[in-house]
file my_file_30.pdb (PDB, C-alpha atoms and all ligand atoms)
ATOM      1  CA  MET A   9     -16.403   8.858   3.204
ATOM      2  CA  LYS A  10     -13.696  10.714   1.384
ATOM      3  CA  ALA A  11     -10.470   9.477  -0.143
ATOM      4  CA  ALA A  12      -7.673  11.360  -1.888
ATOM      5  CA  VAL A  13      -5.422   9.654  -4.424
ATOM      6  CA  ILE A  14      -2.063  11.243  -5.136
ATOM      7  CA  THR A  15      -0.552  11.351  -8.626
ATOM      8  CA  PHE A  16       3.189  11.730  -9.231
ATOM      9  CA  PRO A  17       4.846  11.933 -12.638
ATOM     10  CA  GLY A  18       5.131   8.243 -13.563
ATOM     11  CA  SER A  19       2.243   6.958 -11.418
ATOM     12  CA  ASN A  20       0.271   4.404 -13.420
ATOM     13  CA  CYS A  21      -2.135   2.900 -10.889
ATOM     14  CA  ASP A  22      -3.673   6.143  -9.614
ATOM     15  CA  ARG A  23      -6.871   5.829 -11.637
ATOM     16  CA  ASP A  24      -7.282   2.144 -10.743
ATOM     17  CA  LEU A  25      -6.861   2.989  -7.061
ATOM     18  CA  ALA A  26      -9.418   5.794  -7.353
ATOM     19  CA  VAL A  27     -11.913   3.424  -9.020
ATOM     20  CA  ALA A  28     -11.424   0.802  -6.289
ATOM     21  CA  PHE A  29     -12.123   3.423  -3.602
ATOM     22  CA  GLU A  30     -15.182   4.657  -5.511
ATOM     23  CA  ARG A  31     -16.593   1.149  -5.853
ATOM     24  CA  ALA A  32     -16.335   0.791  -2.085
ATOM     25  CA  GLY A  33     -18.363   3.977  -1.645
ATOM     26  CA  PHE A  34     -15.712   6.674  -1.230
ATOM     27  CA  ASP A  35     -15.870  10.097  -2.856
ATOM     28  CA  VAL A  36     -12.427  10.405  -4.435
ATOM     29  CA  THR A  37     -10.412  13.546  -5.071
ATOM     30  CA  ARG A  38      -7.325  13.258  -7.253
ATOM     31  CA  VAL A  39      -4.373  15.282  -5.954
ATOM     32  CA  TRP A  40      -1.262  16.354  -7.890
ATOM     33  CA  HIS A  41       2.123  15.883  -6.235
ATOM     34  CA  LYS A  42       2.950  19.586  -6.387
ATOM     35  CA  ASP A  43      -0.038  20.516  -4.229
ATOM     36  CA  THR A  44       1.066  21.479  -0.749
ATOM     37  CA  ASP A  45      -2.213  20.691   1.003
ATOM     38  CA  LEU A  46      -4.691  17.847   0.947
ATOM     39  CA  PRO A  47      -8.343  18.734   0.399
ATOM     40  CA  GLN A  48     -10.237  19.267   3.658
ATOM     41  CA  GLY A  49     -11.854  16.319   5.403
ATOM     42  CA  MET A  50     -10.066  13.390   3.745
ATOM     43  CA  ASP A  51     -10.567  10.075   5.579
ATOM     44  CA  VAL A  52      -8.040   8.040   3.607
ATOM     45  CA  ILE A  53      -5.068   8.970   1.430
ATOM     46  CA  GLY A  54      -4.095   6.570  -1.345
ATOM     47  CA  VAL A  55      -0.494   6.567  -2.557
ATOM     48  CA  PRO A  56      -0.604   4.599  -5.813
ATOM     49  CA  GLY A  57       1.654   2.257  -7.685
ATOM     50  CA  GLY A  58       3.758   3.126 -10.666
ATOM     51  CA  PHE A  59       7.175   4.405 -11.549
ATOM     52  CA  SER A  60       7.243   7.814  -9.885
ATOM     53  CA  PHE A  61      10.021   9.982 -11.303
ATOM     54  CA  GLY A  62      11.140   7.013 -13.388
ATOM     55  CA  ASP A  63      12.296   5.115 -10.281
ATOM     56  CA  TYR A  64      15.450   7.259 -10.386
ATOM     57  CA  LEU A  65      17.657   7.371  -7.281
ATOM     58  CA  ARG A  66      15.588   4.703  -5.487
ATOM     59  CA  CYS A  67      11.964   3.727  -6.111
ATOM     60  CA  GLY A  68       9.812   6.285  -4.300
ATOM     61  CA  ALA A  69      12.698   8.399  -3.002
ATOM     62  CA  ILE A  70      12.017  11.479  -5.129
ATOM     63  CA  ALA A  71       8.235  11.227  -4.730
ATOM     64  CA  ALA A  72       8.683  11.063  -0.948
ATOM     65  CA  ASN A  73      10.146  14.566  -1.149
ATOM     66  CA  SER A  74       7.246  15.975  -3.189
ATOM     67  CA  PRO A  75       5.362  18.865  -1.575
ATOM     68  CA  ILE A  76       2.227  16.735  -1.114
ATOM     69  CA  CYS A  77       4.106  14.115   0.890
ATOM     70  CA  ARG A  78       4.632  16.605   3.707
ATOM     71  CA  ALA A  79       0.833  16.848   3.910
ATOM     72  CA  VAL A  80       0.477  13.045   3.739
ATOM     73  CA  VAL A  81       2.937  12.650   6.618
ATOM     74  CA  ALA A  82       1.064  15.304   8.625
ATOM     75  CA  HIS A  83      -2.231  13.490   7.926
ATOM     76  CA  ALA A  84      -0.723  10.215   9.178
ATOM     77  CA  GLU A  85       0.790  11.904  12.226
ATOM     78  CA  ARG A  86      -2.695  13.201  13.098
ATOM     79  CA  GLY A  87      -3.873   9.565  13.056
ATOM     80  CA  GLY A  88      -5.296   9.610   9.519
ATOM     81  CA  TYR A  89      -5.445   6.526   7.322
ATOM     82  CA  VAL A  90      -2.959   6.074   4.472
ATOM     83  CA  LEU A  91      -2.812   3.200   1.965
ATOM     84  CA  GLY A  92       0.362   2.831  -0.088
ATOM     85  CA  VAL A  93       0.352   0.244  -2.871
ATOM     86  CA  CYS A  94       3.558  -0.976  -4.523
ATOM     87  CA  ASN A  95       5.364   2.244  -5.482
ATOM     88  CA  GLY A  96       3.148   3.816  -2.804
ATOM     89  CA  PHE A  97       4.600   1.398  -0.225
ATOM     90  CA  GLN A  98       8.076   2.370  -1.409
ATOM     91  CA  VAL A  99       7.166   6.062  -1.013
ATOM     92  CA  LEU A 100       5.862   5.456   2.519
ATOM     93  CA  THR A 101       9.090   3.745   3.598
ATOM     94  CA  GLU A 102      11.057   6.631   2.080
ATOM     95  CA  THR A 103       9.006   9.163   4.092
ATOM     96  CA  GLY A 104       9.669   7.166   7.262
ATOM     97  CA  LEU A 105       5.965   6.536   7.880
ATOM     98  CA  LEU A 106       6.700   2.819   7.583
ATOM     99  CA  PRO A 107       9.913   1.073   8.674
ATOM    100  CA  GLY A 108      12.294  -0.872   6.461
ATOM    101  CA  ALA A 109      13.015  -0.640   2.738
ATOM    102  CA  LEU A 110      12.155  -2.334  -0.544
ATOM    103  CA  MET A 111      15.233  -3.680  -2.310
ATOM    104  CA  ARG A 112      15.674  -5.141  -5.797
ATOM    105  CA  ASN A 113      13.927  -8.527  -6.190
ATOM    106  CA  ALA A 114      16.269 -11.368  -5.276
ATOM    107  CA  GLN A 115      16.261 -12.744  -8.855
ATOM    108  CA  LEU A 116      16.880  -9.246 -10.280
ATOM    109  CA  LYS A 117      13.793  -9.631 -12.459
ATOM    110  CA  PHE A 118      10.591  -7.635 -12.803
ATOM    111  CA  LEU A 119       7.777  -9.854 -11.519
ATOM    112  CA  CYS A 120       4.252  -9.476 -12.903
ATOM    113  CA  LYS A 121       1.831 -12.239 -11.937
ATOM    114  CA  PRO A 122      -1.046 -13.251  -9.700
ATOM    115  CA  GLN A 123       0.373 -13.917  -6.228
ATOM    116  CA  THR A 124      -1.150 -15.900  -3.388
ATOM    117  CA  LEU A 125      -0.937 -14.126  -0.033
ATOM    118  CA  THR A 126      -1.902 -15.104   3.483
ATOM    119  CA  VAL A 127      -3.773 -12.524   5.527
ATOM    120  CA  ALA A 128      -1.580 -12.247   8.625
ATOM    121  CA  THR A 129      -3.773  -9.975  10.730
ATOM    122  CA  THR A 130      -7.380  -8.845  10.654
ATOM    123  CA  ASP A 131      -6.725  -6.279  13.376
ATOM    124  CA  SER A 132      -6.729  -3.237  11.108
ATOM    125  CA  ALA A 133      -9.178  -1.073   9.211
ATOM    126  CA  PHE A 134      -7.615  -2.422   6.006
ATOM    127  CA  THR A 135      -7.943  -6.143   6.701
ATOM    128  CA  ALA A 136     -10.957  -6.494   9.019
ATOM    129  CA  ALA A 137     -13.173  -7.969   6.284
ATOM    130  CA  TYR A 138     -10.741 -10.846   5.638
ATOM    131  CA  ALA A 139     -10.366 -13.918   7.836
ATOM    132  CA  LYS A 140      -7.044 -14.417   9.603
ATOM    133  CA  GLY A 141      -5.053 -16.977   7.627
ATOM    134  CA  GLN A 142      -7.238 -16.483   4.561
ATOM    135  CA  LYS A 143      -5.551 -16.957   1.191
ATOM    136  CA  ALA A 144      -5.971 -14.034  -1.202
ATOM    137  CA  VAL A 145      -4.719 -13.915  -4.780
ATOM    138  CA  ILE A 146      -3.608 -10.371  -5.562
ATOM    139  CA  PRO A 147      -1.370  -9.370  -8.486
ATOM    140  CA  ILE A 148       2.215  -8.230  -8.051
ATOM    141  CA  ALA A 149       4.115  -6.061 -10.563
ATOM    142  CA  HIS A 150       7.456  -4.804  -9.322
ATOM    143  CA  HIS A 151      11.223  -5.037  -9.551
ATOM    144  CA  ASP A 152      11.911  -3.660  -6.079
ATOM    145  CA  GLY A 153       9.618  -5.634  -3.791
ATOM    146  CA  ASN A 154      12.177  -7.348  -1.607
ATOM    147  CA  TYR A 155      11.254  -6.059   1.846
ATOM    148  CA  THR A 156      14.070  -5.745   4.336
ATOM    149  CA  ALA A 157      14.561  -4.308   7.804
ATOM    150  CA  ASP A 158      16.951  -4.903  10.678
ATOM    151  CA  ASP A 159      16.254  -7.806  13.023
ATOM    152  CA  GLU A 160      14.920  -5.585  15.800
ATOM    153  CA  THR A 161      12.432  -3.920  13.439
ATOM    154  CA  LEU A 162      11.311  -7.278  12.047
ATOM    155  CA  ALA A 163      10.827  -8.675  15.548
ATOM    156  CA  GLY A 164       8.820  -5.567  16.455
ATOM    157  CA  LEU A 165       6.564  -6.004  13.420
ATOM    158  CA  VAL A 166       5.843  -9.591  14.426
ATOM    159  CA  ASP A 167       5.462  -8.875  18.165
ATOM    160  CA  GLN A 168       3.033  -6.022  17.551
ATOM    161  CA  ASP A 169       1.064  -7.961  14.921
ATOM    162  CA  LEU A 170       1.927  -5.369  12.278
ATOM    163  CA  VAL A 171       2.519  -7.779   9.381
ATOM    164  CA  ALA A 172      -0.661  -7.461   7.304
ATOM    165  CA  PHE A 173       0.079  -9.859   4.430
ATOM    166  CA  ARG A 174       2.694 -12.543   3.782
ATOM    167  CA  TYR A 175       3.622 -14.132   0.465
ATOM    168  CA  ASP A 176       3.033 -17.813  -0.139
ATOM    169  CA  ALA A 177       6.030 -19.137  -2.129
ATOM    170  CA  ASN A 178       8.013 -15.943  -1.537
ATOM    171  CA  PRO A 179       8.565 -14.493  -5.037
ATOM    172  CA  ASN A 180      11.124 -11.772  -4.358
ATOM    173  CA  GLY A 181      13.228 -12.604  -1.295
ATOM    174  CA  SER A 182      11.329 -10.444   1.210
ATOM    175  CA  LYS A 183      12.381 -11.046   4.800
ATOM    176  CA  GLY A 184       9.749 -12.982   6.718
ATOM    177  CA  ASP A 185       7.761 -13.385   3.452
ATOM    178  CA  ILE A 186       6.451  -9.878   4.173
ATOM    179  CA  ALA A 187       4.141  -8.477   1.490
ATOM    180  CA  GLY A 188       2.547  -5.679   3.521
ATOM    181  CA  ILE A 189       2.962  -3.976   6.890
ATOM    182  CA  LEU A 190       1.072  -1.626   9.191
ATOM    183  CA  SER A 191       2.363   1.373  11.093
ATOM    184  CA  ALA A 192       2.541   1.186  14.881
ATOM    185  CA  ASN A 193      -0.881   2.897  15.177
ATOM    186  CA  ARG A 194      -2.251   0.438  12.546
ATOM    187  CA  ARG A 195      -3.530   3.325  10.365
ATOM    188  CA  VAL A 196      -0.914   3.254   7.620
ATOM    189  CA  LEU A 197      -0.705   0.176   5.379
ATOM    190  CA  GLY A 198       1.985  -0.378   2.763
ATOM    191  CA  MET A 199       1.815  -3.430   0.525
ATOM    192  CA  MET A 200       3.573  -4.492  -2.670
ATOM    193  CA  PRO A 201       0.662  -6.497  -4.199
ATOM    194  CA  HIS A 202      -2.041  -4.467  -5.958
ATOM    195  CA  PRO A 203      -5.491  -4.934  -4.368
ATOM    196  CA  GLU A 204      -6.955  -2.379  -6.800
ATOM    197  CA  ARG A 205      -6.135  -4.816  -9.611
ATOM    198  CA  ALA A 206      -8.376  -7.468  -8.066
ATOM    199  CA  VAL A 207     -11.749  -5.820  -7.496
ATOM    200  CA  ASP A 208     -13.694  -6.943 -10.576
ATOM    201  CA  PRO A 209     -14.253 -10.408 -12.083
ATOM    202  CA  ALA A 210     -12.857  -8.979 -15.324
ATOM    203  CA  HIS A 211      -9.532  -8.532 -13.488
ATOM    204  CA  GLY A 212      -9.369 -12.299 -13.072
ATOM    205  CA  GLY A 213     -10.178 -12.182  -9.371
ATOM    206  CA  THR A 214     -11.799 -10.068  -6.674
ATOM    207  CA  ASP A 215      -9.702 -10.874  -3.604
ATOM    208  CA  GLY A 216      -8.614  -7.234  -3.281
ATOM    209  CA  ALA A 217     -12.163  -5.973  -2.830
ATOM    210  CA  ALA A 218     -12.272  -6.932   0.865
ATOM    211  CA  LEU A 219      -9.497  -4.436   1.591
ATOM    212  CA  PHE A 220     -11.551  -1.516   0.291
ATOM    213  CA  ALA A 221     -14.693  -2.949   1.911
ATOM    214  CA  SER A 222     -12.776  -3.149   5.204
ATOM    215  CA  LEU A 223     -11.888   0.524   4.985
ATOM    216  CA  ALA A 224     -15.429   1.513   4.093
ATOM    217  CA  GLY A 225     -16.675  -0.572   7.025
ATOM    218  CA  ALA A 226     -14.372   1.298   9.398
ATOM    219  CA  PHE A 227     -16.187   4.522   8.637
ATOM    220  CA  VAL A 228     -19.679   3.021   8.753
ATOM    221  CA  ALA A 229     -18.834   1.551  12.165
ATOM    222  CA  ALA A 230     -17.562   4.947  13.318
TER     223      ALA A 230
HETATM  224  N1  LIG B   1       3.788  -1.368  -9.832
HETATM  225  C1  LIG B   1       4.580  -0.623  -9.124
HETATM  226  O1  LIG B   1       4.137   0.238  -8.368
HETATM  227  C2  LIG B   1       6.060  -0.801  -9.314
HETATM  228  C3  LIG B   1       6.900  -0.069  -8.305
HETATM  229  C4  LIG B   1       8.338   0.106  -8.756
HETATM  230  N2  LIG B   1       8.397   0.881  -9.973
HETATM  231  C5  LIG B   1       8.986  -1.239  -8.918
HETATM  232  O2  LIG B   1       9.040  -1.723 -10.026
HETATM  233  O3  LIG B   1       9.382  -1.821  -7.941
END
call {"tool": "encode", "arguments": {"input": "my_file_30.pdb", "output": "structure tokens", "more": "lines below"}}
Ligand SMILES: NC(=O)CC[C@H](N)C(=O)O
result
Amino acid sequence: MKAAVITFPGSNCDRDLAVAFERAGFDVTRVWHKDTDLPQGMDVIGVPGGFSFGDYLRCGAIAANSPICRAVVAHAERGGYVLGVCNGFQVLTETGLLPGALMRNAQLKFLCKPQTLTVATTDSAFTAAYAKGQKAVIPIAHHDGNYTADDETLAGLVDQDLVAFRYDANPNGSKGDIAGILSANRRVLGMMPHPERAVDPAHGGTDGAALFASLAGAFVAA
């Protein structure tokens, strides 16, 4: 099992994401944003959290135009798995791999705290090891986590069971309490909470570990 983790200038969760993949059994290759190609044979691409390019223009907008993102989009279009966390989710919406956008939090404040989520679907390689409706406490740390999309897109996400996680006690104003969504082929997940920050008891909780275990399980099953 092989995972690549991308690093942009300003990424700050790339190492944590790599460690979470490694703990789940993946061989991880770190990839710089200026690379034009992904290493051969990658099963999963991780797009990490952080403040890529200082969040200038819009969070994730400049990173989405990095050379490596063309390769990430091509990987996804071939049916490859992609996980975008926080700034990574913002990057994935900016590439168009995921619908909608992340706006400024409703209270206009940076939020950094443990956040209870409800697992909305287990029908994905990212969430299969959770139980549907399970509560998971996973940290959030963002100022632009307020998910929005037009009504038709939101209805499509619900109808196709593409909402992966919802917030309990919505912290940021996200439409439909949406904390994470899947692509139409269910192989791209973007989520604002940080599962890689909840994989060790020393983190204060381990509810993120099932996400990486789910992904690892997808490849064992295959
Ligand atoms: N932790 C993160 O990835 C933060 C993403 C982005 N910089 C924001 O604050 O919204």
call {"tool": "closest_atom_pairs", "arguments": {"input": "my_file_30.pdb", "of": "chain A", "to": "ligand LIG 1 (chain B)", "cutoff": "8 Å", "atoms": "all atoms listed in the file", "output": "Markdown table"}}
result
| residue | atom | partner | partner_atom | distance |
| --- | --- | --- | --- | --- |
| A:Ser19 | CA | B:LIG1 | O1 | 7.6 |
| A:Asn20 | CA | B:LIG1 | O1 | 7.6 |
| A:Cys21 | CA | B:LIG1 | O1 | 7.3 |
| A:Pro56 | CA | B:LIG1 | O1 | 6.9 |
| A:Gly57 | CA | B:LIG1 | O1 | 3.3 |
| A:Gly58 | CA | B:LIG1 | O1 | 3.7 |
| A:Phe59 | CA | B:LIG1 | N2 | 4.0 |
| A:Ser60 | CA | B:LIG1 | N2 | 7.0 |
| A:Gly62 | CA | B:LIG1 | N2 | 7.5 |
| A:Asp63 | CA | B:LIG1 | N2 | 5.8 |
| A:Cys67 | CA | B:LIG1 | C4 | 5.8 |
| A:Gly68 | CA | B:LIG1 | C4 | 7.8 |
| A:Val93 | CA | B:LIG1 | O1 | 6.7 |
| A:Cys94 | CA | B:LIG1 | O1 | 4.1 |
| A:Asn95 | CA | B:LIG1 | O1 | 3.7 |
| A:Gly96 | CA | B:LIG1 | O1 | 6.7 |
| A:Gln98 | CA | B:LIG1 | C3 | 7.4 |
| A:Leu110 | CA | B:LIG1 | O3 | 7.9 |
| A:Arg112 | CA | B:LIG1 | O3 | 7.4 |
| A:Phe118 | CA | B:LIG1 | O2 | 6.7 |
| A:Ile148 | CA | B:LIG1 | N1 | 7.3 |
| A:Ala149 | CA | B:LIG1 | N1 | 4.8 |
| A:His150 | CA | B:LIG1 | O2 | 3.5 |
| A:His151 | CA | B:LIG1 | O2 | 4.0 |
| A:Asp152 | CA | B:LIG1 | O3 | 3.6 |
| A:Gly153 | CA | B:LIG1 | O3 | 5.6 |
| A:Met200 | CA | B:LIG1 | O1 | 7.4 |
| A:His202 | CA | B:LIG1 | N1 | 7.7 |
call {"tool": "closest_residue", "arguments": {"input": "my_file_30.pdb", "among": "A:Thr214, A:Met199, A:Ala206, A:Ala224", "to": "Phe34 of chain A", "atoms": "only C-alpha atoms"}}
result
A:Ala224
call {"tool": "closest_residue", "arguments": {"input": "my_file_30.pdb", "among": "A:Tyr175, A:Phe61, A:Phe29, A:Phe220", "to": "Ala144 of chain A", "atoms": "only C-alpha atoms"}}
result
A:Tyr175
call {"tool": "closest_residue", "arguments": {"input": "my_file_30.pdb", "among": "A:Val196, A:Leu46, A:Val52, A:Val39", "to": "Lys10 of chain A", "atoms": "all atoms listed in the file"}}
result
A:Val52
call {"tool": "residues_around", "arguments": {"input": "my_file_30.pdb", "residues": "Gly212 of chain A", "least_positions_apart": "2", "cutoff": "10 Å", "atoms": "only C-alpha atoms", "output": "compact mmCIF listing (two decimals) with C-alpha atoms, in the coordinates of the input"}}
result
# COMPACT_ATOMS: atom_id res chain seq x y z
CA PRO A 122 -1.05 -13.25 -9.70
CA VAL A 145 -4.72 -13.92 -4.78
CA ILE A 146 -3.61 -10.37 -5.56
CA PRO A 147 -1.37 -9.37 -8.49
CA ARG A 205 -6.14 -4.82 -9.61
CA ALA A 206 -8.38 -7.47 -8.07
CA VAL A 207 -11.75 -5.82 -7.50
CA ASP A 208 -13.69 -6.94 -10.58
CA PRO A 209 -14.25 -10.41 -12.08
CA ALA A 210 -12.86 -8.98 -15.32
CA THR A 214 -11.80 -10.07 -6.67
CA ASP A 215 -9.70 -10.87 -3.60
call {"tool": "closest_residue", "arguments": {"input": "my_file_30.pdb", "among": "A:Val99, A:Leu119, A:Leu197, A:Leu223", "to": "Ala69 of chain A", "atoms": "all atoms listed in the file"}}
result
A:Val99
call {"tool": "residues_around", "arguments": {"input": "my_file_30.pdb", "residues": "Tyr155 of chain A", "least_positions_apart": "2", "cutoff": "8 Å", "atoms": "all atoms listed in the file", "output": "PDB file with C-alpha atoms, in the frame of the given file"}}
result
ATOM      1  CA  GLY A 108      12.294  -0.872   6.461  1.00  0.00           C
ATOM      2  CA  ALA A 109      13.015  -0.640   2.738  1.00  0.00           C
ATOM      3  CA  LEU A 110      12.155  -2.334  -0.544  1.00  0.00           C
ATOM      4  CA  MET A 111      15.233  -3.680  -2.310  1.00  0.00           C
ATOM      5  CA  GLY A 153       9.618  -5.634  -3.791  1.00  0.00           C
ATOM      6  CA  ALA A 157      14.561  -4.308   7.804  1.00  0.00           C
ATOM      7  CA  GLY A 181      13.228 -12.604  -1.295  1.00  0.00           C
ATOM      8  CA  SER A 182      11.329 -10.444   1.210  1.00  0.00           C
ATOM      9  CA  LYS A 183      12.381 -11.046   4.800  1.00  0.00           C
ATOM     10  CA  ILE A 186       6.451  -9.878   4.173  1.00  0.00           C
ATOM     11  CA  ALA A 187       4.141  -8.477   1.490  1.00  0.00           C
TER      12      ALA A 187
END
call {"tool": "closest_residue", "arguments": {"input": "my_file_30.pdb", "among": "A:Thr156, A:Asn180, A:Thr37, A:Ser222", "to": "Cys120 of chain A", "atoms": "all atoms listed in the file"}}
result
A:Asn180
call {"tool": "closest_residue", "arguments": {"input": "my_file_30.pdb", "among": "A:Met9, A:Cys77, A:Ile189, A:Leu125", "to": "Ala32 of chain A", "atoms": "only C-alpha atoms"}}
result
A:Met9
call {"tool": "atom_distance", "arguments": {"input": "my_file_30.pdb", "atom1": "atom CA of Ala12 of chain A", "atom2": "atom CA of Gly54 of chain A"}}
result
6.0 Å
call {"tool": "atom_distance", "arguments": {"input": "my_file_30.pdb", "atom1": "atom CA of Thr135 of chain A", "atom2": "atom CA of His83 of chain A"}}
result
20.5 Å
call {"tool": "resolve_selection", "arguments": {"input": "my_file_30.pdb", "expression": "the PyMOL selection byres (((chain A and resi 74) around 12) and not hetatm)", "output": "number ranges by chain"}}
result
A: 14-17, 39-45, 60-61, 68-73, 75-81, 99, 102-103
call {"tool": "write_last_selection", "arguments": {"input": "my_file_30.pdb", "atoms": "C-alpha atoms", "output": "PDB file, keeping the file's coordinate frame"}}
result
ATOM      1  CA  ILE A  14      -2.063  11.243  -5.136  1.00  0.00           C
ATOM      2  CA  THR A  15      -0.552  11.351  -8.626  1.00  0.00           C
ATOM      3  CA  PHE A  16       3.189  11.730  -9.231  1.00  0.00           C
ATOM      4  CA  PRO A  17       4.846  11.933 -12.638  1.00  0.00           C
ATOM      5  CA  VAL A  39      -4.373  15.282  -5.954  1.00  0.00           C
ATOM      6  CA  TRP A  40      -1.262  16.354  -7.890  1.00  0.00           C
ATOM      7  CA  HIS A  41       2.123  15.883  -6.235  1.00  0.00           C
ATOM      8  CA  LYS A  42       2.950  19.586  -6.387  1.00  0.00           C
ATOM      9  CA  ASP A  43      -0.038  20.516  -4.229  1.00  0.00           C
ATOM     10  CA  THR A  44       1.066  21.479  -0.749  1.00  0.00           C
ATOM     11  CA  ASP A  45      -2.213  20.691   1.003  1.00  0.00           C
ATOM     12  CA  SER A  60       7.243   7.814  -9.885  1.00  0.00           C
ATOM     13  CA  PHE A  61      10.021   9.982 -11.303  1.00  0.00           C
ATOM     14  CA  GLY A  68       9.812   6.285  -4.300  1.00  0.00           C
ATOM     15  CA  ALA A  69      12.698   8.399  -3.002  1.00  0.00           C
ATOM     16  CA  ILE A  70      12.017  11.479  -5.129  1.00  0.00           C
ATOM     17  CA  ALA A  71       8.235  11.227  -4.730  1.00  0.00           C
ATOM     18  CA  ALA A  72       8.683  11.063  -0.948  1.00  0.00           C
ATOM     19  CA  ASN A  73      10.146  14.566  -1.149  1.00  0.00           C
ATOM     20  CA  PRO A  75       5.362  18.865  -1.575  1.00  0.00           C
ATOM     21  CA  ILE A  76       2.227  16.735  -1.114  1.00  0.00           C
ATOM     22  CA  CYS A  77       4.106  14.115   0.890  1.00  0.00           C
ATOM     23  CA  ARG A  78       4.632  16.605   3.707  1.00  0.00           C
ATOM     24  CA  ALA A  79       0.833  16.848   3.910  1.00  0.00           C
ATOM     25  CA  VAL A  80       0.477  13.045   3.739  1.00  0.00           C
ATOM     26  CA  VAL A  81       2.937  12.650   6.618  1.00  0.00           C
ATOM     27  CA  VAL A  99       7.166   6.062  -1.013  1.00  0.00           C
ATOM     28  CA  GLU A 102      11.057   6.631   2.080  1.00  0.00           C
ATOM     29  CA  THR A 103       9.006   9.163   4.092  1.00  0.00           C
TER      30      THR A 103
END
call {"tool": "atom_distance", "arguments": {"input": "my_file_30.pdb", "atom1": "atom CA of Gly88 of chain A", "atom2": "atom CA of Ala221 of chain A"}}
result
17.4 Å
call {"tool": "residues_around", "arguments": {"input": "my_file_30.pdb", "residues": "Ala177 of chain A", "least_positions_apart": "6", "cutoff": "10 Å", "atoms": "all atoms listed in the file", "output": "short mmCIF file (atom, residue, chain, number, x, y, z; two decimals) with C-alpha atoms, in the coordinates of the input"}}
result
data_model
loop_
_atom_site.label_atom_id
_atom_site.label_comp_id
_atom_site.auth_asym_id
_atom_site.auth_seq_id
_atom_site.Cartn_x
_atom_site.Cartn_y
_atom_site.Cartn_z
CA GLN A 123 0.37 -13.92 -6.23
CA THR A 124 -1.15 -15.90 -3.39
CA LEU A 125 -0.94 -14.13 -0.03
CA ASP A 185 7.76 -13.38 3.45
#
call {"tool": "resolve_selection", "arguments": {"input": "my_file_30.pdb", "expression": "the PyMOL selection byres (((chain A and resi 193) around 12) and not hetatm)", "output": "ChimeraX atom specification"}}
result
/A:84-90,105-106,131-133,165,168-170,189-192,194-197
call {"tool": "resolve_selection", "arguments": {"input": "my_file_30.pdb", "expression": "the PyMOL selection byres (((chain A and resi 173) around 6) and not hetatm)", "output": "ChimeraX atom specification"}}
result
/A:126-128,171-172,174,187-188
